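Novice: What follows is entry_11.cif, mmCIF, C-alpha atoms and all ligand atoms.
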data_start
loop_
_atom_site.group_PDB
_atom_site.id
_atom_site.type_symbol
_atom_site.label_atom_id
_atom_site.label_comp_id
_atom_site.auth_asym_id
_atom_site.auth_seq_id
_atom_site.Cartn_x
_atom_site.Cartn_y
_atom_site.Cartn_z
ATOM 1 C CA MET A 20 -50.376 83.471 -0.473
ATOM 2 C CA ARG A 21 -53.915 83.565 -1.818
ATOM 3 C CA ASP A 22 -57.008 83.948 0.383
ATOM 4 C CA THR A 23 -59.097 81.405 -1.520
ATOM 5 C CA LEU A 24 -59.190 79.964 -5.020
ATOM 6 C CA PHE A 25 -61.449 82.859 -6.014
ATOM 7 C CA SER A 26 -59.830 85.852 -4.291
ATOM 8 C CA GLY A 27 -56.655 87.272 -2.801
ATOM 9 C CA PRO A 28 -53.196 87.806 -4.299
ATOM 10 C CA GLU A 29 -52.348 85.586 -7.256
ATOM 11 C CA PRO A 30 -48.944 86.432 -8.762
ATOM 12 C CA ASP A 31 -49.189 84.270 -11.868
ATOM 13 C CA PRO A 32 -52.717 83.467 -13.093
ATOM 14 C CA ALA A 33 -51.497 81.943 -16.378
ATOM 15 C CA ARG A 34 -49.334 79.303 -14.661
ATOM 16 C CA ASP A 35 -52.093 78.664 -12.120
ATOM 17 C CA ALA A 36 -54.361 77.973 -15.108
ATOM 18 C CA GLY A 37 -51.939 75.308 -16.363
ATOM 19 C CA HIS A 38 -49.730 77.261 -18.805
ATOM 20 C CA LEU A 39 -46.443 76.010 -17.359
ATOM 21 C CA ASP A 40 -44.247 77.820 -19.931
ATOM 22 C CA ALA A 41 -46.223 81.059 -19.771
ATOM 23 C CA PRO A 42 -44.445 84.268 -20.853
ATOM 24 C CA PRO A 43 -44.569 87.317 -18.516
ATOM 25 C CA ARG A 44 -48.150 88.547 -18.017
ATOM 26 C CA VAL A 45 -49.060 91.413 -20.354
ATOM 27 C CA GLY A 46 -51.769 94.054 -20.280
ATOM 28 C CA PHE A 47 -52.696 97.691 -20.752
ATOM 29 C CA PHE A 48 -51.803 100.893 -18.960
ATOM 30 C CA THR A 49 -54.234 103.534 -20.217
ATOM 31 C CA ASP A 50 -53.004 107.044 -19.365
ATOM 32 C CA THR A 51 -56.165 109.127 -19.683
ATOM 33 C CA SER A 52 -54.218 112.375 -19.155
ATOM 34 C CA VAL A 53 -53.026 112.205 -22.777
ATOM 35 C CA CYS A 54 -56.202 110.805 -24.382
ATOM 36 C CA ILE A 55 -57.614 113.226 -26.984
ATOM 37 C CA GLY A 56 -60.866 111.328 -27.599
ATOM 38 C CA CYS A 57 -60.096 110.569 -31.236
ATOM 39 C CA LYS A 58 -61.631 107.065 -30.965
ATOM 40 C CA ALA A 59 -58.928 105.578 -33.186
ATOM 41 C CA CYS A 60 -58.778 102.659 -30.710
ATOM 42 C CA GLU A 61 -62.502 101.963 -31.095
ATOM 43 C CA VAL A 62 -62.216 101.952 -34.877
ATOM 44 C CA ALA A 63 -59.055 99.805 -34.912
ATOM 45 C CA CYS A 64 -60.735 97.262 -32.611
ATOM 46 C CA LYS A 65 -63.814 97.077 -34.815
ATOM 47 C CA GLU A 66 -61.746 96.703 -37.967
ATOM 48 C CA TRP A 67 -59.360 94.055 -36.639
ATOM 49 C CA ASN A 68 -62.087 91.976 -35.023
ATOM 50 C CA ALA A 69 -64.688 92.542 -37.765
ATOM 51 C CA LEU A 70 -67.227 93.768 -35.204
ATOM 52 C CA PRO A 71 -70.641 94.875 -36.462
ATOM 53 C CA GLU A 72 -71.603 98.523 -36.256
ATOM 54 C CA ASP A 73 -73.773 99.537 -33.320
ATOM 55 C CA GLY A 74 -75.677 102.421 -34.800
ATOM 56 C CA MET A 75 -74.599 105.961 -35.499
ATOM 57 C CA ALA A 76 -77.270 107.708 -33.419
ATOM 58 C CA LEU A 77 -75.982 110.426 -31.108
ATOM 59 C CA THR A 78 -77.117 110.098 -27.513
ATOM 60 C CA GLY A 79 -78.070 113.780 -27.322
ATOM 61 C CA MET A 80 -76.184 113.970 -24.019
ATOM 62 C CA SER A 81 -72.629 113.856 -25.309
ATOM 63 C CA TYR A 82 -70.406 113.929 -28.379
ATOM 64 C CA ASP A 83 -69.781 110.249 -27.575
ATOM 65 C CA ASN A 84 -72.010 108.318 -29.975
ATOM 66 C CA THR A 85 -71.040 104.840 -28.715
ATOM 67 C CA GLY A 86 -72.244 105.139 -25.134
ATOM 68 C CA GLY A 87 -70.435 102.252 -23.486
ATOM 69 C CA LEU A 88 -68.746 98.873 -23.797
ATOM 70 C CA GLY A 89 -70.868 96.126 -25.295
ATOM 71 C CA ALA A 90 -71.009 93.003 -27.413
ATOM 72 C CA SER A 91 -69.970 94.994 -30.499
ATOM 73 C CA THR A 92 -67.887 97.691 -28.769
ATOM 74 C CA TRP A 93 -64.841 96.142 -27.081
ATOM 75 C CA ARG A 94 -63.034 99.493 -26.706
ATOM 76 C CA HIS A 95 -65.009 102.546 -25.708
ATOM 77 C CA VAL A 96 -63.729 106.101 -25.293
ATOM 78 C CA ALA A 97 -65.779 107.656 -22.520
ATOM 79 C CA PHE A 98 -66.304 111.423 -22.826
ATOM 80 C CA VAL A 99 -66.881 113.251 -19.557
ATOM 81 C CA GLU A 100 -68.124 116.734 -20.441
ATOM 82 C CA GLN A 101 -68.972 118.805 -17.378
ATOM 83 C CA PRO A 102 -68.313 122.144 -15.637
ATOM 84 C CA VAL A 103 -64.926 122.219 -13.942
ATOM 85 C CA PRO A 104 -65.414 121.371 -10.251
ATOM 86 C CA ALA A 105 -64.082 124.095 -7.940
ATOM 87 C CA GLY A 106 -60.415 123.761 -7.025
ATOM 88 C CA ARG A 107 -59.501 121.322 -9.824
ATOM 89 C CA THR A 108 -56.342 121.782 -11.905
ATOM 90 C CA GLU A 109 -57.147 121.016 -15.519
ATOM 91 C CA LEU A 110 -54.983 119.617 -18.262
ATOM 92 C CA PRO A 111 -53.345 120.621 -20.531
ATOM 93 C CA LEU A 112 -51.253 122.935 -18.376
ATOM 94 C CA VAL A 113 -50.063 126.055 -20.227
ATOM 95 C CA GLU A 114 -47.985 129.097 -19.293
ATOM 96 C CA ARG A 115 -50.264 132.184 -19.239
ATOM 97 C CA ASP A 116 -48.967 135.764 -19.137
ATOM 98 C CA THR A 117 -50.526 137.494 -16.116
ATOM 99 C CA GLY A 118 -48.914 140.885 -16.835
ATOM 100 C CA GLY A 119 -45.812 142.597 -15.542
ATOM 101 C CA GLY A 120 -43.642 139.798 -16.922
ATOM 102 C CA ALA A 121 -45.263 137.256 -14.600
ATOM 103 C CA THR A 122 -46.709 133.929 -15.769
ATOM 104 C CA GLU A 123 -48.860 131.218 -14.241
ATOM 105 C CA ARG A 124 -49.472 127.570 -15.136
ATOM 106 C CA THR A 125 -53.134 126.962 -15.722
ATOM 107 C CA GLY A 126 -55.657 124.930 -17.682
ATOM 108 C CA ALA A 127 -56.098 125.986 -21.310
ATOM 109 C CA ASP A 128 -59.887 126.078 -21.516
ATOM 110 C CA ALA A 129 -61.416 129.350 -20.334
ATOM 111 C CA SER A 130 -65.010 128.148 -21.012
ATOM 112 C CA GLY A 131 -65.467 126.703 -17.547
ATOM 113 C CA MET A 132 -66.059 123.213 -19.011
ATOM 114 C CA ARG A 133 -63.730 120.257 -18.809
ATOM 115 C CA TRP A 134 -63.370 117.247 -21.058
ATOM 116 C CA LEU A 135 -62.089 114.040 -19.553
ATOM 117 C CA MET A 136 -61.485 111.237 -22.053
ATOM 118 C CA SER A 137 -60.783 107.653 -21.148
ATOM 119 C CA SER A 138 -60.553 104.581 -23.358
ATOM 120 C CA ASP A 139 -62.268 101.764 -21.445
ATOM 121 C CA VAL A 140 -61.878 98.042 -22.054
ATOM 122 C CA CYS A 141 -62.198 94.614 -20.371
ATOM 123 C CA LYS A 142 -59.996 94.637 -17.278
ATOM 124 C CA HIS A 143 -58.676 91.067 -17.780
ATOM 125 C CA CYS A 144 -59.039 90.586 -14.025
ATOM 126 C CA THR A 145 -56.634 88.423 -12.036
ATOM 127 C CA HIS A 146 -59.728 86.857 -10.465
ATOM 128 C CA ALA A 147 -62.212 86.915 -13.340
ATOM 129 C CA ALA A 148 -65.734 86.051 -12.214
ATOM 130 C CA CYS A 149 -66.898 85.757 -15.842
ATOM 131 C CA LEU A 150 -64.472 82.865 -16.261
ATOM 132 C CA ASP A 151 -65.333 81.294 -12.884
ATOM 133 C CA VAL A 152 -69.040 80.977 -13.709
ATOM 134 C CA CYS A 153 -68.854 79.919 -17.385
ATOM 135 C CA PRO A 154 -70.382 76.401 -17.564
ATOM 136 C CA THR A 155 -69.069 75.482 -21.032
ATOM 137 C CA GLY A 156 -65.391 76.434 -20.830
ATOM 138 C CA SER A 157 -66.013 79.093 -23.449
ATOM 139 C CA LEU A 158 -64.133 81.592 -21.275
ATOM 140 C CA PHE A 159 -60.523 80.692 -20.547
ATOM 141 C CA ARG A 160 -57.255 82.144 -19.206
ATOM 142 C CA THR A 161 -54.600 82.477 -21.907
ATOM 143 C CA GLU A 162 -50.858 81.949 -21.544
ATOM 144 C CA PHE A 163 -50.502 85.780 -21.556
ATOM 145 C CA GLY A 164 -52.716 86.076 -18.450
ATOM 146 C CA SER A 165 -55.679 87.547 -20.347
ATOM 147 C CA VAL A 166 -59.293 86.304 -20.331
ATOM 148 C CA VAL A 167 -60.820 85.263 -23.662
ATOM 149 C CA VAL A 168 -64.323 84.147 -24.667
ATOM 150 C CA GLN A 169 -64.603 81.680 -27.543
ATOM 151 C CA GLU A 170 -67.609 82.533 -29.673
ATOM 152 C CA ASP A 171 -67.879 79.020 -31.158
ATOM 153 C CA ILE A 172 -68.235 77.409 -27.695
ATOM 154 C CA CYS A 173 -70.450 80.012 -25.960
ATOM 155 C CA ASN A 174 -73.986 78.593 -25.586
ATOM 156 C CA GLY A 175 -75.605 81.961 -24.821
ATOM 157 C CA CYS A 176 -76.569 81.126 -21.225
ATOM 158 C CA GLY A 177 -75.529 84.651 -20.143
ATOM 159 C CA VAL A 178 -74.348 83.814 -16.607
ATOM 160 C CA CYS A 179 -71.059 85.672 -17.207
ATOM 161 C CA VAL A 180 -72.889 88.980 -17.728
ATOM 162 C CA PRO A 181 -74.048 89.672 -14.129
ATOM 163 C CA ALA A 182 -70.843 88.067 -12.788
ATOM 164 C CA CYS A 183 -68.580 90.816 -14.189
ATOM 165 C CA PRO A 184 -68.090 93.522 -11.533
ATOM 166 C CA TYR A 185 -67.324 96.087 -14.261
ATOM 167 C CA GLY A 186 -70.311 95.470 -16.554
ATOM 168 C CA VAL A 187 -67.990 94.640 -19.456
ATOM 169 C CA ILE A 188 -69.228 91.446 -21.088
ATOM 170 C CA GLU A 189 -72.509 91.490 -23.019
ATOM 171 C CA GLN A 190 -74.704 89.116 -25.001
ATOM 172 C CA ARG A 191 -75.378 89.924 -28.636
ATOM 173 C CA PRO A 192 -79.151 90.347 -29.077
ATOM 174 C CA THR A 193 -79.199 88.401 -32.361
ATOM 175 C CA ASP A 194 -78.099 85.030 -30.940
ATOM 176 C CA GLY A 195 -77.376 85.528 -27.215
ATOM 177 C CA ARG A 196 -73.664 84.702 -27.363
ATOM 178 C CA ALA A 197 -71.365 86.768 -25.110
ATOM 179 C CA PHE A 198 -68.573 88.957 -26.446
ATOM 180 C CA LYS A 199 -65.816 91.177 -25.081
ATOM 181 C CA CYS A 200 -62.189 92.234 -25.709
ATOM 182 C CA THR A 201 -59.793 89.330 -26.283
ATOM 183 C CA LEU A 202 -56.656 91.451 -25.715
ATOM 184 C CA CYS A 203 -56.190 90.620 -29.408
ATOM 185 C CA TYR A 204 -55.193 87.032 -28.543
ATOM 186 C CA ASP A 205 -54.600 86.289 -32.232
ATOM 187 C CA ARG A 206 -52.178 89.223 -32.564
ATOM 188 C CA LEU A 207 -50.300 88.396 -29.340
ATOM 189 C CA GLY A 208 -49.731 84.864 -30.601
ATOM 190 C CA ALA A 209 -48.083 86.385 -33.691
ATOM 191 C CA GLY A 210 -45.842 88.667 -31.601
ATOM 192 C CA GLN A 211 -47.877 91.796 -32.384
ATOM 193 C CA GLU A 212 -49.345 94.358 -30.006
ATOM 194 C CA PRO A 213 -53.149 94.754 -29.784
ATOM 195 C CA ALA A 214 -54.763 96.766 -32.572
ATOM 196 C CA CYS A 215 -56.119 99.487 -30.243
ATOM 197 C CA ALA A 216 -52.703 100.211 -28.693
ATOM 198 C CA LYS A 217 -51.090 100.206 -32.147
ATOM 199 C CA ALA A 218 -53.622 102.788 -33.395
ATOM 200 C CA CYS A 219 -53.443 105.196 -30.426
ATOM 201 C CA PRO A 220 -51.707 108.365 -31.704
ATOM 202 C CA THR A 221 -50.853 109.798 -28.258
ATOM 203 C CA GLU A 222 -49.689 106.583 -26.544
ATOM 204 C CA SER A 223 -52.555 106.905 -24.105
ATOM 205 C CA ILE A 224 -52.974 103.124 -24.498
ATOM 206 C CA GLN A 225 -49.702 101.421 -23.600
ATOM 207 C CA PHE A 226 -49.292 97.670 -23.973
ATOM 208 C CA GLY A 227 -46.586 95.485 -22.435
ATOM 209 C CA PRO A 228 -45.495 93.344 -19.474
ATOM 210 C CA LEU A 229 -47.647 94.349 -16.491
ATOM 211 C CA ASP A 230 -44.705 94.835 -14.102
ATOM 212 C CA GLU A 231 -43.060 97.328 -16.477
ATOM 213 C CA LEU A 232 -46.353 99.133 -17.030
ATOM 214 C CA ARG A 233 -46.898 99.508 -13.278
ATOM 215 C CA GLU A 234 -43.439 101.123 -12.885
ATOM 216 C CA ARG A 235 -44.071 103.474 -15.803
ATOM 217 C CA ALA A 236 -47.492 104.417 -14.414
ATOM 218 C CA ALA A 237 -46.077 105.251 -10.955
ATOM 219 C CA LEU A 238 -43.508 107.586 -12.585
ATOM 220 C CA ARG A 239 -46.235 109.307 -14.604
ATOM 221 C CA VAL A 240 -48.342 109.912 -11.485
ATOM 222 C CA ASP A 241 -45.311 111.462 -9.735
ATOM 223 C CA GLN A 242 -44.705 113.673 -12.779
ATOM 224 C CA LEU A 243 -48.305 114.915 -12.775
ATOM 225 C CA HIS A 244 -48.319 115.531 -9.023
ATOM 226 C CA GLU A 245 -45.123 117.610 -9.352
ATOM 227 C CA ALA A 246 -46.839 119.602 -12.105
ATOM 228 C CA GLY A 247 -49.691 120.417 -9.728
ATOM 229 C CA VAL A 248 -52.243 117.876 -10.996
ATOM 230 C CA THR A 249 -52.792 116.400 -7.562
ATOM 231 C CA GLU A 250 -55.993 114.565 -8.558
ATOM 232 C CA ALA A 251 -54.035 112.111 -10.760
ATOM 233 C CA ARG A 252 -54.331 108.555 -9.454
ATOM 234 C CA LEU A 253 -54.061 104.957 -10.635
ATOM 235 C CA TYR A 254 -57.070 102.650 -10.864
ATOM 236 C CA GLY A 255 -56.941 98.838 -11.031
ATOM 237 C CA HIS A 256 -53.134 98.576 -10.663
ATOM 238 C CA ASP A 257 -53.057 97.147 -7.125
ATOM 239 C CA PRO A 258 -52.725 93.310 -6.899
ATOM 240 C CA ASP A 259 -54.350 93.536 -3.457
ATOM 241 C CA ASN A 260 -57.604 95.037 -4.720
ATOM 242 C CA GLY A 261 -60.957 93.235 -4.821
ATOM 243 C CA VAL A 262 -60.230 91.452 -8.112
ATOM 244 C CA GLY A 263 -56.566 90.663 -7.410
ATOM 245 C CA GLY A 264 -55.492 93.487 -9.730
ATOM 246 C CA ASP A 265 -56.482 94.246 -13.306
ATOM 247 C CA GLY A 266 -54.615 93.271 -16.452
ATOM 248 C CA ALA A 267 -55.847 96.621 -17.804
ATOM 249 C CA PHE A 268 -55.383 99.548 -15.433
ATOM 250 C CA PHE A 269 -55.760 103.311 -15.761
ATOM 251 C CA LEU A 270 -54.376 106.692 -14.787
ATOM 252 C CA LEU A 271 -57.409 108.836 -13.962
ATOM 253 C CA LEU A 272 -57.672 112.568 -13.308
ATOM 254 C CA ASP A 273 -60.583 112.273 -10.882
ATOM 255 C CA GLU A 274 -62.565 109.728 -8.864
ATOM 256 C CA PRO A 275 -63.404 106.493 -10.741
ATOM 257 C CA GLU A 276 -67.134 107.264 -10.467
ATOM 258 C CA VAL A 277 -66.628 110.377 -12.628
ATOM 259 C CA TYR A 278 -65.618 108.007 -15.459
ATOM 260 C CA GLY A 279 -68.437 105.545 -14.701
ATOM 261 C CA LEU A 280 -66.079 103.027 -13.072
ATOM 262 C CA PRO A 281 -66.930 101.233 -9.797
ATOM 263 C CA PRO A 282 -64.790 102.693 -6.986
ATOM 264 C CA ASP A 283 -64.048 99.418 -5.212
ATOM 265 C CA PRO A 284 -64.885 96.394 -7.408
ATOM 266 C CA VAL A 285 -64.885 92.931 -5.838
ATOM 267 C CA VAL A 286 -64.848 89.616 -7.703
ATOM 268 C CA THR A 287 -68.436 88.391 -7.499
ATOM 269 C CA THR A 288 -67.382 84.749 -6.997
ATOM 270 C CA ARG A 289 -65.270 85.558 -3.925
ATOM 271 C CA ASP A 290 -67.602 83.709 -1.530
ATOM 272 C CA LEU A 291 -68.298 80.696 -3.783
ATOM 273 C CA GLY A 292 -65.921 78.420 -1.821
ATOM 274 C CA ALA A 293 -67.615 79.249 1.487
ATOM 275 C CA MET A 294 -71.056 78.842 -0.129
ATOM 276 C CA TRP A 295 -70.162 75.364 -1.425
ATOM 277 C CA ARG A 296 -68.883 74.393 2.042
ATOM 278 C CA HIS A 297 -72.144 75.587 3.638
ATOM 279 C CA ALA A 298 -74.197 73.792 0.964
ATOM 280 C CA GLY A 299 -72.168 70.605 1.578
ATOM 281 C CA THR A 300 -72.761 70.841 5.342
ATOM 282 C CA ALA A 301 -76.485 71.423 4.766
ATOM 283 C CA ALA A 302 -76.684 68.423 2.382
ATOM 284 C CA LEU A 303 -74.891 66.181 4.907
ATOM 285 C CA SER A 304 -77.301 67.325 7.638
ATOM 286 C CA LEU A 305 -80.266 66.417 5.406
ATOM 287 C CA VAL A 306 -78.850 62.954 4.650
ATOM 288 C CA ALA A 307 -78.113 62.387 8.354
ATOM 289 C CA GLY A 308 -81.648 63.548 9.256
ATOM 290 C CA ALA A 309 -83.212 61.211 6.681
ATOM 291 C CA ALA A 310 -81.118 58.266 7.902
ATOM 292 C CA LEU A 311 -82.137 58.979 11.496
ATOM 293 C CA SER A 312 -85.799 59.158 10.553
ATOM 294 C CA PHE A 313 -85.559 55.523 9.317
ATOM 295 C CA ALA A 314 -83.224 54.290 12.040
ATOM 296 C CA LEU A 315 -85.043 55.701 15.068
ATOM 297 C CA PRO A 316 -88.408 53.882 14.615
ATOM 298 C CA ALA A 317 -86.516 50.623 13.975
ATOM 299 C CA LEU A 318 -84.478 51.150 17.151
ATOM 300 C CA THR A 319 -87.620 51.929 19.121
ATOM 301 C CA ARG A 320 -89.325 48.707 17.856
ATOM 302 C CA THR A 321 -86.254 46.624 18.795
ATOM 303 C CA THR A 322 -86.169 48.104 22.309
ATOM 304 C CA ARG A 323 -89.904 47.404 22.867
ATOM 305 C CA THR A 324 -89.568 43.798 21.665
ATOM 306 C CA LYS A 325 -86.663 43.199 24.064
ATOM 307 C CA GLY A 326 -88.671 44.766 26.942
ATOM 308 C CA ARG A 327 -91.558 42.275 26.474
ATOM 309 C CA ARG A 328 -89.325 39.222 26.845
HETATM 310 S S1 LIG B 1 -63.681 92.882 -16.511
HETATM 311 FE FE1 LIG B 1 -65.456 91.518 -16.466
HETATM 312 S S2 LIG B 1 -65.411 90.496 -18.471
HETATM 313 FE FE2 LIG B 1 -63.345 91.380 -18.144
HETATM 314 S S3 LIG B 1 -62.152 89.702 -17.163
HETATM 315 FE FE3 LIG B 1 -63.014 90.967 -15.501
HETATM 316 S S4 LIG B 1 -64.932 89.873 -14.982
HETATM 317 FE FE4 LIG B 1 -64.315 89.140 -17.013
HETATM 318 S S1 LIG B 2 -57.043 94.463 -27.297
HETATM 319 FE FE1 LIG B 2 -57.895 93.986 -29.344
HETATM 320 S S2 LIG B 2 -59.948 93.179 -28.858
HETATM 321 FE FE2 LIG B 2 -59.261 94.299 -27.003
HETATM 322 S S3 LIG B 2 -60.032 96.383 -27.249
HETATM 323 FE FE3 LIG B 2 -57.942 96.366 -28.100
HETATM 324 S S4 LIG B 2 -58.260 95.969 -30.307
HETATM 325 FE FE4 LIG B 2 -60.169 95.398 -29.271
#
Rewrite the structure from the file as structure tokens, please.

Specialist:
Amino acid sequence: MRDTLFSGPEPDPARDAGHLDAPPRVGFFTDTSVCIGCKACEVACKEWNALPEDGMALTGMSYDNTGGLGASTWRHVAFVEQPVPAGRTELPLVERDTGGGATERTGADASGMRWLMSSDVCKHCTHAACLDVCPTGSLFRTEFGSVVVQEDICNGCGVCVPACPYGVIEQRPTDGRAFKCTLCYDRLGAGQEPACAKACPTESIQFGPLDELRERAALRVDQLHEAGVTEARLYGHDPDNGVGGDGAFFLLLDEPEVYGLPPDPVVTTRDLGAMWRHAGTAALSLVAGAALSFALPALTRTTRTKGRR
């Protein structure tokens, strides 16, 4: 049972949106433990969707020259380059000879640095605030459960941008229209998987029915924990989280903040229902007050007239 229209568990957002013959909900499981940072997903997304380039300037802070998700970058491979925090087990695990015939399993990089890679994307939230606030119907829920913005209907008002708890959707500076990942809606309709998942050489980006992906992800976490990578955890998989669960969820090797992800996102329209109720009550009070201000003097006059008789 859902908490309100805008929050709480929602098992089937596509049917709730009116797609009565909706197929099983699909999405992404991105396993960052096998991402090699090749950016093939970024390139495939740009090519398939004919996205404009966003400059080739290096940030000077990282080998990542894209920087983040944006109107022209619908897939972004985040590079986290930093000294290995004390006590962390790093991937890839390798057998190292420690002498006397003994071996140990350890991280491969002896430089003291670690490289975490993670391909980020729109989360296709179960409760999508971007969709809730769109005044033109440009954003809509598809039969696959994903959230799509239609560039020919967007009027550039920009209200979806601050509504997204993940900072995903962005207006294009040239004309103000908002853009983000469509989960390759055109490819799904043709029975094909999204271009980014198709291009990923390590299967870090896995596409499919969400229920299957969640089972696969839980097995992968168990596998990593058994191998000693105890920091492995899932992010965005839980239907009870603040956005009702993400259609794109992740296996991370550290806290979400390390990857630039909010630790506990909440749908920004969660309290809209309560706000409308309060606004309605306030409006009724104003109307009642105005009516009384006319009625009371009239009543007073009537009472005085009767008293004089
Ligand atoms: S991540 Fe942001 S843009 Fe994507 S569906 Fe959720 S609210 Fe909308
Ligand atoms: S699903 Fe399609 S639009 Fe979304 S990031 Fe992947 S390639 Fe780009």

Novice: Set up a box along x, y and z of the file covering all listed atoms of ligand LIG 2 (chain B), add 3 Å on every one of the six sides, and write the centre and edge lengths in Å to one decimal, as lines of an AutoDock Vina configuration file.

Specialist:
center_x = -58.6
center_y = 94.8
center_z = -28.7
size_x = 9.1
size_y = 9.2
size_z = 9.3

Novice: Check which residues fall inside 6 Å of ligand LIG 1 (chain B) when counting all atoms listed in the file, and print them as a VMD selection string.

Specialist: chain A and resid 141 to 144 147 to 149 166 183 to 185 187 to 188

Novice: Going by the chain IDs and residue numbers used in this file, which residues fall under the PyMOL selection byres (((chain A and resi 41) around 10) and not hetatm)? Write them as an NGL selection string.

Specialist: :A and (31-40 or 42-44 or 161-164)

Novice: Would you tabulate, counting all atoms listed in the file, all residues of chain A that have an atom at most 8 Å from an atom of ligand LIG 2 (chain B), showing the closest pair of atoms and their distance in Å to one decimal, sorted by chain then ascending number, as CSV?

Specialist:
residue,atom,partner,partner_atom,distance
A:Cys60,CA,B:LIG2,S4,6.7
A:Glu61,CA,B:LIG2,FE4,7.2
A:Ala63,CA,B:LIG2,S4,6.0
A:Cys64,CA,B:LIG2,S4,3.6
A:Lys65,CA,B:LIG2,FE4,6.8
A:Trp67,CA,B:LIG2,S4,6.7
A:Asn68,CA,B:LIG2,S2,6.6
A:Trp93,CA,B:LIG2,S3,4.8
A:Arg94,CA,B:LIG2,S3,4.4
A:Val140,CA,B:LIG2,S3,5.8
A:Cys141,CA,B:LIG2,FE2,7.3
A:Lys199,CA,B:LIG2,S2,7.3
A:Cys200,CA,B:LIG2,FE2,3.8
A:Thr201,CA,B:LIG2,S2,4.6
A:Leu202,CA,B:LIG2,S1,3.4
A:Cys203,CA,B:LIG2,FE1,3.8
A:Tyr204,CA,B:LIG2,FE1,7.5
A:Pro213,CA,B:LIG2,S1,4.6
A:Ala214,CA,B:LIG2,S4,4.2
A:Cys215,CA,B:LIG2,S4,4.1
A:Ala216,CA,B:LIG2,FE3,6.5

Novice: Name the residues captured by the PyMOL selection byres (((chain A and resi 193) around 12) and not hetatm) when it is applied to the shown file; answer as a PDB file with C-alpha atoms, in the frame of the given file.

Specialist:
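Saved the output as expr_5.pdb:
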ATOM      1  CA  PRO A  71     -70.641  94.875 -36.462  1.00  0.00           C
ATOM      2  CA  ALA A  90     -71.009  93.003 -27.413  1.00  0.00           C
ATOM      3  CA  SER A  91     -69.970  94.994 -30.499  1.00  0.00           C
ATOM      4  CA  GLY A 175     -75.605  81.961 -24.821  1.00  0.00           C
ATOM      5  CA  GLU A 189     -72.509  91.490 -23.019  1.00  0.00           C
ATOM      6  CA  GLN A 190     -74.704  89.116 -25.001  1.00  0.00           C
ATOM      7  CA  ARG A 191     -75.378  89.924 -28.636  1.00  0.00           C
ATOM      8  CA  PRO A 192     -79.151  90.347 -29.077  1.00  0.00           C
ATOM      9  CA  ASP A 194     -78.099  85.030 -30.940  1.00  0.00           C
ATOM     10  CA  GLY A 195     -77.376  85.528 -27.215  1.00  0.00           C
ATOM     11  CA  ARG A 196     -73.664  84.702 -27.363  1.00  0.00           C
ATOM     12  CA  ALA A 197     -71.365  86.768 -25.110  1.00  0.00           C
TER      13      ALA A 197
END

Novice: Work out how far CA of Arg289 in chain A is from CA of Ser137 in chain A, in Å to one decimal.

Specialist: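 Going from CA of Ser137 in chain A over to CA of Arg289 in chain A, I get 28.4 Å.
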
Novice: In Å, how far is it from CA of Thr122 in chain A to CA of Leu135 in chain A?

Specialist: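 Separation between CA of Thr122 in chain A and CA of Leu135 in chain A: 25.4 Å.
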
Novice: Check what the PyMOL selection byres (((chain A and resi 290-294) around 10) and not hetatm) selects in the file above and give those residues as number ranges by chain.

Specialist: A: 23-26, 151-152, 286-289, 295-300

Novice: Between A:His146, A:Ala182, A:Arg320, A:Phe198, which residue has the minimum interatomic distance to Thr92 in chain A, considering all atoms listed in the file?

Specialist: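 That would be A:Phe198, the residue with the smallest distance to Thr92 in chain A.
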
Novice: Please compute the CA of Pro102 in chain A-CA of Trp134 in chain A distance, one decimal, in Å.

Specialist: 8.8 Å

Novice: Can you list, as an mmCIF file with C-alpha atoms, in the coordinates of the input, every protein, DNA or RNA residue that comes within 8 Å of Ala97 in chain A when you count all atoms listed in the file, leaving out same-chain residues fewer than 2 positions away?

Specialist:
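Output below, filename part03.cif:
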data_model
loop_
_atom_site.group_PDB
_atom_site.id
_atom_site.type_symbol
_atom_site.label_atom_id
_atom_site.label_comp_id
_atom_site.auth_asym_id
_atom_site.auth_seq_id
_atom_site.Cartn_x
_atom_site.Cartn_y
_atom_site.Cartn_z
ATOM 1 C CA GLY A 56 -60.866 111.328 -27.599
ATOM 2 C CA ASP A 83 -69.781 110.249 -27.575
ATOM 3 C CA GLY A 86 -72.244 105.139 -25.134
ATOM 4 C CA GLY A 87 -70.435 102.252 -23.486
ATOM 5 C CA HIS A 95 -65.009 102.546 -25.708
ATOM 6 C CA VAL A 99 -66.881 113.251 -19.557
ATOM 7 C CA LEU A 135 -62.089 114.040 -19.553
ATOM 8 C CA MET A 136 -61.485 111.237 -22.053
ATOM 9 C CA SER A 137 -60.783 107.653 -21.148
ATOM 10 C CA SER A 138 -60.553 104.581 -23.358
ATOM 11 C CA ASP A 139 -62.268 101.764 -21.445
ATOM 12 C CA TYR A 278 -65.618 108.007 -15.459
#

Novice: What's around range 242-244 of chain A at 12 Å? Count all atoms listed in the file, leave out sequence neighbours fewer than 2 positions away in its own chain, and write the answer as a ChimeraX atom specification.

Specialist: /A:50-53,108-112,235-240,246-253,270-272

Novice: Given the choices A:Lys58, A:Met132, A:Gly46, A:Glu276, which gets closest to Leu207 in chain A if the distance is worked out from all atoms listed in the file?

Specialist: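 Once distances to Leu207 in chain A are computed over all atoms listed in the file, the minimum belongs to A:Gly46.
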
Novice: Just want the 12 Å neighbourhood of Met80 in chain A, counted on all atoms listed in the file, with same-chain residues fewer than 4 positions away dropped. Output as a ChimeraX atom specification.

Specialist: /A:76,84-86,98-101

Novice: Given the choices A:Gly118, A:Gly308, A:Gly227, A:Pro316, which gets closest to Val45 in chain A if the distance is worked out from all atoms listed in the file?

Specialist: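 Closest residue, counting all atoms listed in the file: A:Gly227.
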